[in-house]
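Read through the structure below, which is laid out as structure tokens, and then see the notes.
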Protein chains: 2
Amino acid sequence: MVQGYSGTTSIEVQKFQNGRFISKADILAKEEPLEIRLATGLDIASTSQSITVTMRTPGSDFELAAGFLFTEAIIDDPGLIESISHVFDAGLENNYNIVEVVLREGHYFDSSKLLRNFYTTSSCGVCGKGSLDAVKVNVSPLLSDHKLKLSAKLVSDLPNALRDSQAIFEDTGGLHASGIFTTSGQLISLREDVGRHNALDKLIGEQFLTHRTPLSEAVLVLSGRASFELVQKAAVAGIPIIVAVGAPSSLAVELAGELNITLVGFAKRDSFNVYCGVERISEK
Amino acid sequence: MVQGYSGTTSIEVQKFQNGRFISKADILAKEEPLEIRLATGLDIASTSQSITVTMRTPGSDFELAAGFLFTEAIIDDPGLIESISHVFDAGLENNYNIVEVVLREGHYFDSSKLLRNFYTTSSCGVCGKGSLDAVKVNVSPLLSDHKLKLSAKLVSDLPNALRDSQAIFEDTGGLHASGIFTTSGQLISLREDVGRHNALDKLIGEQFLTHRTPLSEAVLVLSGRASFELVQKAAVAGIPIIVAVGAPSSLAVELAGELNITLVGFAKRDSFNVYCGVERISEK
């Protein structure tokens, strides 16, 4: 298998078709672990802390790290970041699977916020509203903004627009995508990953690092289903409209409703469902 | 939204079709957090430890808890389990979102194994083979077993057989499924969940609790893509053949190859790809 810092790899497969096997070349989406470390600017060696390990498709790793820290409410300002770099180590086979984010001198992070991600407190009280609080980061509801309108026609066009822009999916058929569009349907940015939360973190991380958040004029398009986690990440980034090609979960709908986010599911060329915030979508 | 211990919930949606919105009833797959706790039989109150919180579809929670502990290599024998129960607490709104597994008196678990799941050690060395070790539980390669054969025709039929048996997907269009079949195509068991790893843990957990593991004669069918994590869970359960409707990732193929597991991807009525272990599938 070809190694290297790219999102795909080549392989030989046995394809069964027309009653027999033939050997052919195929392309796979890469999946590798990425460890994200966070350090304050004061004493890197002693305070660098492993925040998470995620199985991701290599590429846009700095954006993924920044997006993760932002959407998990660990940092809220790109100006706090002194540097983001790969950690090189002679003992490592690949030198791109650890990313270290260093905060500016004098800035610290609240490590109690990490507990939410690792869910290791036994007192987290997982139950109904209580559970929501336990897994929810602090996000303010969006102000209702009736100026932001999208036509139903445009909503129907977005899934194809996303698919047409997916570079790796084309090759592998194996990746989730997250894209943001303007309300007139222009693609702003798109990221792909084997993990849907990673695709969204890469996308939001890029916008965060270039000081473009909150994304209060953007429409987020998801290639698959809409989970609680994805709606929450979008909410932290201030995104008011989410269009998913797949189904939303109950908790995704509940959170979108609470936060005044427009949530569309089962988006297809000729139909879609609006679960909340239908006032942002016009029939014409 | 209807609350209660079921996998679905009803909701009113605005459906856009034929140029206009109509209000209609819709059914969503439920997503709620489940906390899994583990205790030794000696002193439950003081040693009960929160192992993980997963966003799952309510239902088969005991099987999910047992399957998680088994496939993450925390326990390897159902006989070690004294009891599995929901934790009731007057302060909780729902009484089914915490499950406690109690081990028999005298049995302990190795809490260092938990670190693998939480990935919180900063020394985990995430890199190529090193990374694989860090995220991999100990699984022995399957013995090559040329007696176990599946016809290509049967492989082609499995995705539809799985889909036909999916109860909740029918209603919601929103769930991942994992099913195991005999090599003659008979469905043994099937589980659904908003999280694909949960669907597989529920399925394997049920088999584990009824002393049916290792599943060395079973064919696992996955409704979506095959990730590293899913192949690893199947491997712990001793499953020799995996048929995925979607694409496998690079690391899924690598692990299946290492462990001598047959891995099929893009399974459709008229074609499929075999990524490793083609000797278990006959053209006729």
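Residues in the structure tokens are named by chain (A, B, ... in the order shown) and by number from 1 within that chain; ligands are numbered from 1 in the order shown.
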Spatial neighbours of Val53 in chain B, 7 Å, only C-alpha atoms, chain gap at least 6 places, as an NGL selection string
(:A and (119)) or (:B and (33-36))
Determine which residues of range 51-278 of chain A receive a DSSP assignment of strand (DSSP E or B), computed from the backbone, and state them as JSON, numbers by chain.
{"A": [51, 52, 53, 54, 55, 56, 81, 82, 83, 84, 85, 86, 98, 99, 100, 101, 102, 103, 150, 151, 176, 177, 178, 179, 180, 181, 187, 188, 189, 190, 191, 192, 193, 219, 220, 221, 222, 226, 241, 242, 243, 244, 248, 249, 262, 263, 264, 265, 271, 272, 273, 274, 275, 276]}
Close residues, range 58-66 of chain B itself excluded, 6 Å, only C-alpha atoms, min 5 positions apart in chain, as a ChimeraX atom specification
/B:6-7,201-202,205-206
Near Glu12 in chain B, counting only C-alpha atoms, which residues have an atom at most 10 Å away, once you skip same-chain residues fewer than 3 positions from it, shown as a list in words?
Asn273, Val274, Tyr275 and Cys276 of chain A; Met1, Lys15, Ser23, Lys24, Ala25, Asp26 and Ile27 of chain B
Based on the selection just made, write C-alpha atoms of those residues as a compact mmCIF listing (two decimals), in the first residue's frame.
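Dumped everything to result.txt:
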```
# COMPACT_ATOMS: atom_id res chain seq x y z
CA ASN A 273 -37.85 17.95 4.65
CA VAL A 274 -37.47 20.98 6.91
CA TYR A 275 -37.29 19.98 10.59
CA CYS A 276 -36.96 23.46 12.05
CA MET B 1 -41.33 14.97 20.69
CA LYS B 15 -41.99 18.70 3.37
CA SER B 23 -46.95 19.83 6.84
CA LYS B 24 -46.68 16.10 7.54
CA ALA B 25 -45.89 13.63 10.28
CA ASP B 26 -42.44 12.05 10.16
CA ILE B 27 -40.52 9.50 12.19
```
Selection near Gln186 in chain A, 9 Å with only C-alpha atoms, sequence-local residues under 5 positions removed, as a ChimeraX atom specification
/A:161,180-181
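Checking A:Leu175, A:Ala256, A:Leu230, A:Val243 one by one against Leu142 in chain A, counting only C-alpha atoms, you find the shortest gap at A:Ala256.
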What separation in Å, quoted to one decimal, exists between CA of Thr8 in chain A and CA of Gly174 in chain A?
10.1 Å
From CA of Glu72 in chain B to CA of Lys147 in chain B the spacing works out at 28.8 Å
If I take CA of His197 in chain B and CA of Thr57 in chain A, how far is one from the other in Å, to one decimal?
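Interatomic distance here is 18.3 Å.
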Please list as a PyMOL selection string every residue within 6 Å of range 151-160 of chain B, counting only C-alpha atoms and excluding residues in the same chain fewer than 4 positions away.
chain B and resi 164+268-269+281-284
Selection from above, all heavy atoms, as a PDB file, in the first residue's frame, can you write it?
```
ATOM      1  N   ASP B 164     -33.854  -5.744   3.882  1.00  0.00           N
ATOM      2  CA  ASP B 164     -35.219  -6.258   4.067  1.00  0.00           C
ATOM      3  C   ASP B 164     -35.533  -6.508   5.538  1.00  0.00           C
ATOM      4  O   ASP B 164     -36.699  -6.521   5.930  1.00  0.00           O
ATOM      5  CB  ASP B 164     -35.422  -7.557   3.276  1.00  0.00           C
ATOM      6  CG  ASP B 164     -35.428  -7.297   1.774  1.00  0.00           C
ATOM      7  OD1 ASP B 164     -35.545  -6.124   1.378  1.00  0.00           O
ATOM      8  OD2 ASP B 164     -35.304  -8.273   1.003  1.00  0.00           O
ATOM      9  N   LYS B 268     -23.066  -5.099  -4.154  1.00  0.00           N
ATOM     10  CA  LYS B 268     -24.319  -4.782  -4.870  1.00  0.00           C
ATOM     11  C   LYS B 268     -24.870  -6.075  -5.464  1.00  0.00           C
ATOM     12  O   LYS B 268     -24.206  -7.110  -5.483  1.00  0.00           O
ATOM     13  CB  LYS B 268     -24.025  -3.802  -6.020  1.00  0.00           C
ATOM     14  CG  LYS B 268     -23.651  -2.408  -5.558  1.00  0.00           C
ATOM     15  CD  LYS B 268     -23.719  -1.410  -6.707  1.00  0.00           C
ATOM     16  CE  LYS B 268     -22.377  -1.160  -7.357  1.00  0.00           C
ATOM     17  NZ  LYS B 268     -21.405  -0.402  -6.635  1.00  0.00           N
ATOM     18  N   ARG B 269     -26.076  -5.959  -6.013  1.00  0.00           N
ATOM     19  CA  ARG B 269     -26.717  -7.137  -6.606  1.00  0.00           C
ATOM     20  C   ARG B 269     -25.844  -7.790  -7.687  1.00  0.00           C
ATOM     21  O   ARG B 269     -25.774  -9.009  -7.789  1.00  0.00           O
ATOM     22  CB  ARG B 269     -28.107  -6.762  -7.155  1.00  0.00           C
ATOM     23  CG  ARG B 269     -28.695  -7.802  -8.066  1.00  0.00           C
ATOM     24  CD  ARG B 269     -30.161  -8.172  -7.958  1.00  0.00           C
ATOM     25  NE  ARG B 269     -30.829  -8.217  -6.707  1.00  0.00           N
ATOM     26  CZ  ARG B 269     -30.912  -9.310  -5.898  1.00  0.00           C
ATOM     27  NH1 ARG B 269     -30.273 -10.437  -6.180  1.00  0.00           N
ATOM     28  NH2 ARG B 269     -31.615  -9.252  -4.810  1.00  0.00           N
ATOM     29  N   ILE B 281     -14.331 -17.024  -1.133  1.00  0.00           N
ATOM     30  CA  ILE B 281     -15.499 -16.772  -1.993  1.00  0.00           C
ATOM     31  C   ILE B 281     -15.326 -17.489  -3.329  1.00  0.00           C
ATOM     32  O   ILE B 281     -14.319 -17.323  -4.009  1.00  0.00           O
ATOM     33  CB  ILE B 281     -15.685 -15.258  -2.233  1.00  0.00           C
ATOM     34  CG1 ILE B 281     -15.851 -14.550  -0.875  1.00  0.00           C
ATOM     35  CG2 ILE B 281     -16.904 -14.993  -3.122  1.00  0.00           C
ATOM     36  CD1 ILE B 281     -15.939 -13.060  -0.955  1.00  0.00           C
ATOM     37  N   SER B 282     -16.323 -18.307  -3.676  1.00  0.00           N
ATOM     38  CA  SER B 282     -16.235 -19.064  -4.931  1.00  0.00           C
ATOM     39  C   SER B 282     -17.061 -18.374  -6.005  1.00  0.00           C
ATOM     40  O   SER B 282     -18.106 -17.779  -5.719  1.00  0.00           O
ATOM     41  CB  SER B 282     -16.757 -20.482  -4.718  1.00  0.00           C
ATOM     42  OG  SER B 282     -18.108 -20.418  -4.304  1.00  0.00           O
ATOM     43  N   GLU B 283     -16.574 -18.431  -7.245  1.00  0.00           N
ATOM     44  CA  GLU B 283     -17.284 -17.762  -8.342  1.00  0.00           C
ATOM     45  C   GLU B 283     -18.666 -18.362  -8.554  1.00  0.00           C
ATOM     46  O   GLU B 283     -19.599 -17.677  -8.934  1.00  0.00           O
ATOM     47  CB  GLU B 283     -16.469 -17.859  -9.634  1.00  0.00           C
ATOM     48  CG  GLU B 283     -15.270 -16.910  -9.635  1.00  0.00           C
ATOM     49  CD  GLU B 283     -14.533 -16.879 -10.975  1.00  0.00           C
ATOM     50  OE1 GLU B 283     -14.872 -17.688 -11.872  1.00  0.00           O
ATOM     51  OE2 GLU B 283     -13.620 -16.048 -11.112  1.00  0.00           O
ATOM     52  N   LYS B 284     -18.774 -19.661  -8.319  1.00  0.00           N
ATOM     53  CA  LYS B 284     -20.072 -20.347  -8.553  1.00  0.00           C
ATOM     54  C   LYS B 284     -20.820 -20.481  -7.242  1.00  0.00           C
ATOM     55  O   LYS B 284     -20.229 -20.712  -6.199  1.00  0.00           O
ATOM     56  CB  LYS B 284     -19.858 -21.741  -9.169  1.00  0.00           C
ATOM     57  CG  LYS B 284     -19.145 -21.714 -10.502  1.00  0.00           C
ATOM     58  CD  LYS B 284     -20.035 -21.114 -11.588  1.00  0.00           C
ATOM     59  CE  LYS B 284     -19.201 -20.629 -12.773  1.00  0.00           C
ATOM     60  NZ  LYS B 284     -19.817 -19.579 -13.550  1.00  0.00           N
TER      61      LYS B 284
END
```
Top pick for closest residue to chain A, considering B:Arg225, B:Lys149, B:Lys233, B:Arg280 and counting only C-alpha atoms
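Looking only at the distances to chain A, the closest residue turns out to be B:Arg225.
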